[in-house]
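Here's the structure we're looking at; comments come further down.
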Amino acid sequence: MLAFLLLFVAMLALCDIFWIIKWRYTKCKGVLPPGSIRLPFVGETLELIFPSYSLDIHPFFKKRIQKYGPIFQSNIACQPIVISVDPEFNNHIITQNGISVELWYLSTFSKLFALEGESKTNITGSIHKFIRKAILNRLGTESLKEKFLPRIENMVKETLYSWSNQDVVDVKYDVSSTICNFTYKLLCDYDGKGSHDKLSESFTIFSESLLGFPLNIPGTKYHTCLKNKETVLSILRKRIEQKRASQVEKQAGEDDFLDLALKQNEIDSYFTDDFIMNLLFASLFATFDSISIIIILMLKLLSSHPPVLLQLMVEHERILQNRRPDCPITWEEYKSMTYTHQVI
């Protein structure tokens with residue numbers, strides 16, 4: 001038993017030495033920024049995923065910014081990476097995407113969002129153009145002016161009262177659920193009323209378990225992510241089948257995002273059902289995870305600043321007084337909310 005233990009310790013030490021050598025002598029044509037690898041394999045992942053309940057910047061980033069500056073190297077989920085919180089550098093990376101910079105994802109993200117094996121041509125070529133065109137046509141400024149403002153107003157009216165009578169945890173779930181269902185209807189023309197599908201609940205668990213080591217073992221966060229992703233994909237697969245089987249004819253210009261994707265499926269072999277499902281999954285997650293957090297943060301900050309909330313109410317009461325009863329919000333009214341835009 002002792003010999004086995006000594007052998008295990010020796011192998012672990014050799015792995016550590018190999019990891020450190022690989023890290024320090026990795027081939028690099030440029031100069032890497034300062035940073036630390038910390039523990040072998042685990043790196044600094046544990047510090048990053050440790051929750052912070054402050055509205056300030058996460059301690060993981062704050063500590064390293066003070067020590068190394070806005071650009072530093074680290075080791076997250078078994079991957080050496082460079083982290084940047086510098087706005088100018090980040091803008092350069094975004095504008096150079098597909099030119100001097102290529103997309104790359106952590107192993108966890110690549111597997112969860114089906115990004116493995118995607119070529120540069122597929123990402124930045126015809127598929128990227130289709131996604132951009134479809135999203136702008138359905139969710140761009142013109143659509144916002146003509147269709148979505150009244151729908152957003154109705155959504156807010158239906159949910160504000162329930163939020164006022166709930167605690168923070170319930171509000172967080174309710175906001176996330178509302179955003180998820182609203183986006184699902186915009187993309188797939190399906191509101192899910194009366195359905196037993198737990199789309200928003202599965203996305204909530206998925207997002208809370210997202211950052212972790214790519215180990216598909218029961219009990220791990222990654223395993224939980226995969227299980228909930230399969231739940232969401234089964235819901236989306238069912239909706240795709242319903243759409244394809246539907247014989248209801250639509251007028252020109254009424255196609256939703258899923259309609260456009262299914263039409264593209266007829267002319268582009270790459271647009272398989274699996275690809276469309278993962279495309280919808282990523283689009284839903286992008287809105288669900290970002291917008292819901294922003295709204296929750298806004299509600300929190302407004303509740304902490306009564307004078308700001310009062311001035312917001314004054315501005316909106318003025319708009320309501322000048323509006324005819326039962327009329328939906330207009331683009332002109334939205335543009336006149338100068339103080340609201342400042343708060344946002």
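The way I read the labels, and the way they are meant: chains A, B, ... in the order of the structure tokens, residue 1 as the first residue of every chain, and ligand 1 as the first ligand shown, with later ones counted on from there.
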### Task
Just the helix (DSSP H, G or I) stuff from range 28-101 of chain A, please, per backbone DSSP, written as a VMD selection string.
chain A and resid 45 to 49 59 to 68 87 to 95
With N, CA, C and O atoms retained, write the just-selected residues as a short mmCIF file (atom, residue, chain, number, x, y, z; two decimals), in the first residue's frame.
data_model
loop_
_atom_site.label_atom_id
_atom_site.label_comp_id
_atom_site.auth_asym_id
_atom_site.auth_seq_id
_atom_site.Cartn_x
_atom_site.Cartn_y
_atom_site.Cartn_z
N THR A 45 -8.84 28.55 -11.87
CA THR A 45 -10.27 28.38 -12.14
C THR A 45 -11.10 28.54 -10.88
O THR A 45 -12.17 29.17 -10.90
N LEU A 46 -10.65 27.96 -9.78
CA LEU A 46 -11.43 28.00 -8.55
C LEU A 46 -11.66 29.42 -8.06
O LEU A 46 -12.74 29.75 -7.55
N GLU A 47 -10.65 30.28 -8.21
CA GLU A 47 -10.80 31.68 -7.80
C GLU A 47 -11.81 32.41 -8.69
O GLU A 47 -12.56 33.26 -8.23
N LEU A 48 -11.83 32.05 -9.98
CA LEU A 48 -12.73 32.73 -10.90
C LEU A 48 -14.18 32.33 -10.68
O LEU A 48 -15.08 33.18 -10.73
N ILE A 49 -14.44 31.05 -10.42
CA ILE A 49 -15.82 30.59 -10.29
C ILE A 49 -16.38 30.82 -8.89
O ILE A 49 -17.58 30.63 -8.67
N PRO A 59 -13.54 39.97 -7.58
CA PRO A 59 -12.21 40.01 -6.94
C PRO A 59 -11.12 39.34 -7.79
O PRO A 59 -9.96 39.76 -7.73
N PHE A 60 -11.48 38.31 -8.56
CA PHE A 60 -10.49 37.65 -9.42
C PHE A 60 -9.84 38.64 -10.36
O PHE A 60 -8.61 38.67 -10.52
N PHE A 61 -10.65 39.46 -11.00
CA PHE A 61 -10.13 40.44 -11.96
C PHE A 61 -9.49 41.63 -11.24
O PHE A 61 -8.44 42.12 -11.65
N LYS A 62 -10.14 42.09 -10.17
CA LYS A 62 -9.66 43.27 -9.46
C LYS A 62 -8.24 43.06 -8.92
O LYS A 62 -7.36 43.92 -9.06
N LYS A 63 -8.02 41.89 -8.35
CA LYS A 63 -6.71 41.56 -7.77
C LYS A 63 -5.63 41.52 -8.85
O LYS A 63 -4.52 42.06 -8.66
N ARG A 64 -5.93 40.94 -9.99
CA ARG A 64 -4.94 40.80 -11.06
C ARG A 64 -4.71 42.08 -11.84
O ARG A 64 -3.61 42.32 -12.34
N ILE A 65 -5.74 42.89 -11.96
CA ILE A 65 -5.57 44.20 -12.60
C ILE A 65 -4.60 45.05 -11.80
O ILE A 65 -3.73 45.73 -12.35
N GLN A 66 -4.76 45.02 -10.46
CA GLN A 66 -3.87 45.80 -9.60
C GLN A 66 -2.44 45.28 -9.65
O GLN A 66 -1.48 46.05 -9.56
N LYS A 67 -2.27 43.97 -9.85
CA LYS A 67 -0.94 43.36 -9.82
C LYS A 67 -0.27 43.37 -11.19
O LYS A 67 0.93 43.66 -11.30
N TYR A 68 -1.03 43.07 -12.25
CA TYR A 68 -0.43 42.89 -13.58
C TYR A 68 -0.83 43.94 -14.60
O TYR A 68 -0.20 44.08 -15.64
N PRO A 87 -10.44 48.33 -22.76
CA PRO A 87 -11.45 48.61 -23.79
C PRO A 87 -10.87 48.76 -25.19
O PRO A 87 -11.43 48.24 -26.16
N GLU A 88 -9.76 49.48 -25.33
CA GLU A 88 -9.17 49.70 -26.65
C GLU A 88 -8.68 48.39 -27.27
O GLU A 88 -8.90 48.12 -28.45
N PHE A 89 -8.01 47.58 -26.46
CA PHE A 89 -7.51 46.30 -26.96
C PHE A 89 -8.67 45.38 -27.33
O PHE A 89 -8.64 44.70 -28.36
N ASN A 90 -9.71 45.34 -26.50
CA ASN A 90 -10.87 44.49 -26.78
C ASN A 90 -11.58 44.92 -28.06
O ASN A 90 -12.04 44.09 -28.84
N ASN A 91 -11.66 46.23 -28.27
CA ASN A 91 -12.28 46.74 -29.49
C ASN A 91 -11.46 46.31 -30.72
O ASN A 91 -12.02 45.96 -31.77
N HIS A 92 -10.14 46.34 -30.58
CA HIS A 92 -9.26 45.91 -31.67
C HIS A 92 -9.50 44.44 -31.99
O HIS A 92 -9.57 44.05 -33.16
N ILE A 93 -9.63 43.60 -30.96
CA ILE A 93 -9.86 42.18 -31.16
C ILE A 93 -11.18 41.96 -31.91
O ILE A 93 -11.27 41.15 -32.84
N ILE A 94 -12.22 42.69 -31.50
CA ILE A 94 -13.54 42.52 -32.13
C ILE A 94 -13.50 42.95 -33.60
O ILE A 94 -14.02 42.26 -34.47
N THR A 95 -12.88 44.08 -33.87
CA THR A 95 -12.85 44.59 -35.25
C THR A 95 -11.95 43.76 -36.15
O THR A 95 -12.13 43.74 -37.36
#
### Message
When you look at range 291-293 of chain A with a cut-off of 12 Å (counting only C-alpha atoms), what residues show up, excluding the ones that are within fewer than 5 positions of it in the same chain? I need them as a count of residues only.
### Response
24
Hey, what's within 12 Å of Ser336 in chain A if we count only C-alpha atoms and toss same-chain stuff fewer than 4 positions away? As a PDB file with all heavy atoms, in the first residue's frame, please?
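And here's result-v3.pdb as it stands now:
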ATOM      1  N   GLU A 315     -41.325  61.394 -15.664  1.00  0.00           N
ATOM      2  CA  GLU A 315     -41.189  61.418 -17.119  1.00  0.00           C
ATOM      3  C   GLU A 315     -42.232  60.537 -17.794  1.00  0.00           C
ATOM      4  O   GLU A 315     -42.847  60.927 -18.793  1.00  0.00           O
ATOM      5  CB  GLU A 315     -39.786  60.965 -17.514  1.00  0.00           C
ATOM      6  CG  GLU A 315     -39.546  60.978 -19.025  1.00  0.00           C
ATOM      7  CD  GLU A 315     -38.097  60.710 -19.392  1.00  0.00           C
ATOM      8  OE1 GLU A 315     -37.691  59.537 -19.366  1.00  0.00           O
ATOM      9  OE2 GLU A 315     -37.381  61.674 -19.687  1.00  0.00           O
ATOM     10  N   HIS A 316     -42.460  59.343 -17.248  1.00  0.00           N
ATOM     11  CA  HIS A 316     -43.413  58.431 -17.874  1.00  0.00           C
ATOM     12  C   HIS A 316     -44.858  58.866 -17.640  1.00  0.00           C
ATOM     13  O   HIS A 316     -45.715  58.636 -18.503  1.00  0.00           O
ATOM     14  CB  HIS A 316     -43.168  57.017 -17.355  1.00  0.00           C
ATOM     15  CG  HIS A 316     -41.945  56.382 -17.927  1.00  0.00           C
ATOM     16  ND1 HIS A 316     -41.984  55.424 -18.903  1.00  0.00           N
ATOM     17  CD2 HIS A 316     -40.623  56.602 -17.678  1.00  0.00           C
ATOM     18  CE1 HIS A 316     -40.755  55.054 -19.224  1.00  0.00           C
ATOM     19  NE2 HIS A 316     -39.912  55.763 -18.494  1.00  0.00           N
ATOM     20  N   ARG A 318     -45.811  61.936 -17.574  1.00  0.00           N
ATOM     21  CA  ARG A 318     -46.008  63.008 -18.556  1.00  0.00           C
ATOM     22  C   ARG A 318     -46.369  62.431 -19.921  1.00  0.00           C
ATOM     23  O   ARG A 318     -47.258  62.943 -20.619  1.00  0.00           O
ATOM     24  CB  ARG A 318     -44.728  63.856 -18.656  1.00  0.00           C
ATOM     25  CG  ARG A 318     -44.770  64.911 -19.766  1.00  0.00           C
ATOM     26  CD  ARG A 318     -43.468  65.694 -19.827  1.00  0.00           C
ATOM     27  NE  ARG A 318     -42.302  64.832 -19.939  1.00  0.00           N
ATOM     28  CZ  ARG A 318     -41.901  64.270 -21.062  1.00  0.00           C
ATOM     29  NH1 ARG A 318     -42.591  64.453 -22.186  1.00  0.00           N
ATOM     30  NH2 ARG A 318     -40.824  63.513 -21.085  1.00  0.00           N
ATOM     31  N   ILE A 319     -45.694  61.362 -20.296  1.00  0.00           N
ATOM     32  CA  ILE A 319     -45.988  60.732 -21.589  1.00  0.00           C
ATOM     33  C   ILE A 319     -47.397  60.142 -21.600  1.00  0.00           C
ATOM     34  O   ILE A 319     -48.140  60.281 -22.577  1.00  0.00           O
ATOM     35  CB  ILE A 319     -44.942  59.643 -21.891  1.00  0.00           C
ATOM     36  CG1 ILE A 319     -43.565  60.280 -22.120  1.00  0.00           C
ATOM     37  CG2 ILE A 319     -45.343  58.807 -23.113  1.00  0.00           C
ATOM     38  CD1 ILE A 319     -42.443  59.288 -22.276  1.00  0.00           C
ATOM     39  N   ILE A 329     -47.472  52.192 -27.042  1.00  0.00           N
ATOM     40  CA  ILE A 329     -46.338  53.103 -27.067  1.00  0.00           C
ATOM     41  C   ILE A 329     -45.866  53.316 -28.507  1.00  0.00           C
ATOM     42  O   ILE A 329     -45.931  52.404 -29.337  1.00  0.00           O
ATOM     43  CB  ILE A 329     -45.187  52.553 -26.199  1.00  0.00           C
ATOM     44  CG1 ILE A 329     -44.043  53.563 -26.081  1.00  0.00           C
ATOM     45  CG2 ILE A 329     -44.677  51.232 -26.756  1.00  0.00           C
ATOM     46  CD1 ILE A 329     -42.960  53.131 -25.111  1.00  0.00           C
ATOM     47  N   THR A 330     -45.421  54.525 -28.806  1.00  0.00           N
ATOM     48  CA  THR A 330     -44.932  54.850 -30.142  1.00  0.00           C
ATOM     49  C   THR A 330     -43.427  55.082 -30.107  1.00  0.00           C
ATOM     50  O   THR A 330     -42.833  55.292 -29.039  1.00  0.00           O
ATOM     51  CB  THR A 330     -45.621  56.108 -30.687  1.00  0.00           C
ATOM     52  OG1 THR A 330     -45.249  57.238 -29.863  1.00  0.00           O
ATOM     53  CG2 THR A 330     -47.134  55.946 -30.690  1.00  0.00           C
ATOM     54  N   TRP A 331     -42.820  55.074 -31.297  1.00  0.00           N
ATOM     55  CA  TRP A 331     -41.385  55.312 -31.406  1.00  0.00           C
ATOM     56  C   TRP A 331     -41.036  56.725 -30.949  1.00  0.00           C
ATOM     57  O   TRP A 331     -40.002  56.953 -30.330  1.00  0.00           O
ATOM     58  CB  TRP A 331     -40.933  55.072 -32.836  1.00  0.00           C
ATOM     59  CG  TRP A 331     -39.448  55.217 -33.048  1.00  0.00           C
ATOM     60  CD1 TRP A 331     -38.804  56.231 -33.685  1.00  0.00           C
ATOM     61  CD2 TRP A 331     -38.430  54.322 -32.601  1.00  0.00           C
ATOM     62  NE1 TRP A 331     -37.444  56.021 -33.687  1.00  0.00           N
ATOM     63  CE2 TRP A 331     -37.184  54.854 -33.019  1.00  0.00           C
ATOM     64  CE3 TRP A 331     -38.442  53.107 -31.908  1.00  0.00           C
ATOM     65  CZ2 TRP A 331     -35.977  54.216 -32.754  1.00  0.00           C
ATOM     66  CZ3 TRP A 331     -37.239  52.486 -31.636  1.00  0.00           C
ATOM     67  CH2 TRP A 331     -36.034  53.037 -32.055  1.00  0.00           C
ATOM     68  N   GLU A 332     -41.911  57.679 -31.242  1.00  0.00           N
ATOM     69  CA  GLU A 332     -41.675  59.070 -30.838  1.00  0.00           C
ATOM     70  C   GLU A 332     -41.669  59.181 -29.313  1.00  0.00           C
ATOM     71  O   GLU A 332     -40.854  59.914 -28.739  1.00  0.00           O
ATOM     72  CB  GLU A 332     -42.743  59.987 -31.430  1.00  0.00           C
ATOM     73  CG  GLU A 332     -42.646  60.206 -32.931  1.00  0.00           C
ATOM     74  CD  GLU A 332     -43.035  58.972 -33.721  1.00  0.00           C
ATOM     75  OE1 GLU A 332     -43.800  58.127 -33.174  1.00  0.00           O
ATOM     76  OE2 GLU A 332     -42.583  58.832 -34.876  1.00  0.00           O
ATOM     77  N   THR A 340     -34.870  58.550 -19.101  1.00  0.00           N
ATOM     78  CA  THR A 340     -34.833  57.089 -19.086  1.00  0.00           C
ATOM     79  C   THR A 340     -33.574  56.558 -19.768  1.00  0.00           C
ATOM     80  O   THR A 340     -32.922  55.645 -19.294  1.00  0.00           O
ATOM     81  CB  THR A 340     -36.082  56.517 -19.785  1.00  0.00           C
ATOM     82  OG1 THR A 340     -37.241  56.991 -19.111  1.00  0.00           O
ATOM     83  CG2 THR A 340     -36.076  54.998 -19.763  1.00  0.00           C
ATOM     84  N   HIS A 341     -33.248  57.165 -20.913  1.00  0.00           N
ATOM     85  CA  HIS A 341     -32.042  56.739 -21.638  1.00  0.00           C
ATOM     86  C   HIS A 341     -30.781  57.024 -20.825  1.00  0.00           C
ATOM     87  O   HIS A 341     -29.827  56.233 -20.861  1.00  0.00           O
ATOM     88  CB  HIS A 341     -31.963  57.451 -22.980  1.00  0.00           C
ATOM     89  CG  HIS A 341     -33.060  57.063 -23.931  1.00  0.00           C
ATOM     90  ND1 HIS A 341     -33.389  55.758 -24.182  1.00  0.00           N
ATOM     91  CD2 HIS A 341     -33.909  57.812 -24.673  1.00  0.00           C
ATOM     92  CE1 HIS A 341     -34.379  55.713 -25.055  1.00  0.00           C
ATOM     93  NE2 HIS A 341     -34.731  56.943 -25.367  1.00  0.00           N
ATOM     94  N   GLN A 342     -30.773  58.125 -20.102  1.00  0.00           N
ATOM     95  CA  GLN A 342     -29.621  58.433 -19.246  1.00  0.00           C
ATOM     96  C   GLN A 342     -29.469  57.388 -18.134  1.00  0.00           C
ATOM     97  O   GLN A 342     -28.356  56.945 -17.823  1.00  0.00           O
ATOM     98  CB  GLN A 342     -29.771  59.824 -18.641  1.00  0.00           C
ATOM     99  CG  GLN A 342     -29.662  60.957 -19.667  1.00  0.00           C
ATOM    100  CD  GLN A 342     -29.957  62.305 -19.059  1.00  0.00           C
ATOM    101  OE1 GLN A 342     -30.092  62.438 -17.853  1.00  0.00           O
ATOM    102  NE2 GLN A 342     -30.078  63.313 -19.901  1.00  0.00           N
TER     103      GLN A 342
END
### Query
Between A:Glu142, A:Asp289, A:Asp326, A:Glu44, which one has atoms that come closest to Leu210 in chain A, using only C-alpha atoms?
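Closest to Leu210 in chain A, using only C-alpha atoms: A:Asp289.
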### Query
In terms of the shortest atom-to-atom distance over only C-alpha atoms, which of A:Tyr190, A:Tyr334, A:Phe271, A:Phe113 is closest to Asp256 in chain A?
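That would be A:Tyr190, the residue with the smallest distance to Asp256 in chain A.
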Which residues of range 251-276 of chain A have any atom within 10 Å of an atom in range 224-242 of chain A when counting only C-alpha atoms, and what is the closest pair of atoms for each, with the distance in Å to one decimal? Order the rows by chain and rising number and write it as a tab-separated table.
residue	atom	partner	partner_atom	distance
A:Leu258	CA	A:Ile240	CA	7.6
A:Asp259	CA	A:Ile240	CA	9.1
A:Ala261	CA	A:Ile240	CA	9.9
A:Leu262	CA	A:Ile240	CA	8.3
A:Asp273	CA	A:Arg237	CA	7.7
A:Asp274	CA	A:Arg237	CA	8.3
A:Ile276	CA	A:Ile240	CA	8.6
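As for CA of Leu301 in chain A and CA of Ser54 in chain A, they are spaced 12.4 Å apart.
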### Task
Name the closest residue to Val42 in chain A among the candidates A:Leu302, A:Ile294, A:Ile76, A:Ile71; distances are taken between atoms, counting only C-alpha atoms.
A:Ile76
### Message
I'd like the interatomic distance between CA of Ile37 in chain A and CA of Lys221 in chain A, to a tenth of an Å.
### Response
22.5 Å
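Candidate residues A:Cys327, A:Leu187, A:Ile267, A:Leu320 were compared for distance to Ala282 in chain A, and the nearest is A:Leu187, using only C-alpha atoms.
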#### Entry: Counting only C-alpha atoms, the option among A:Leu186, A:Val31, A:Met277, A:Ile81 closest to Gly43 in chain A
A:Ile81
### CA of Val85 in chain A to CA of Gly69 in chain A, distance in Å rounded to a single decimal
8.9 Å
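The smallest atom-to-atom distance between Ile205 in chain A and any of A:Thr141, A:Gln73, A:Phe288, A:Leu309, using only C-alpha atoms, is found for A:Phe288.
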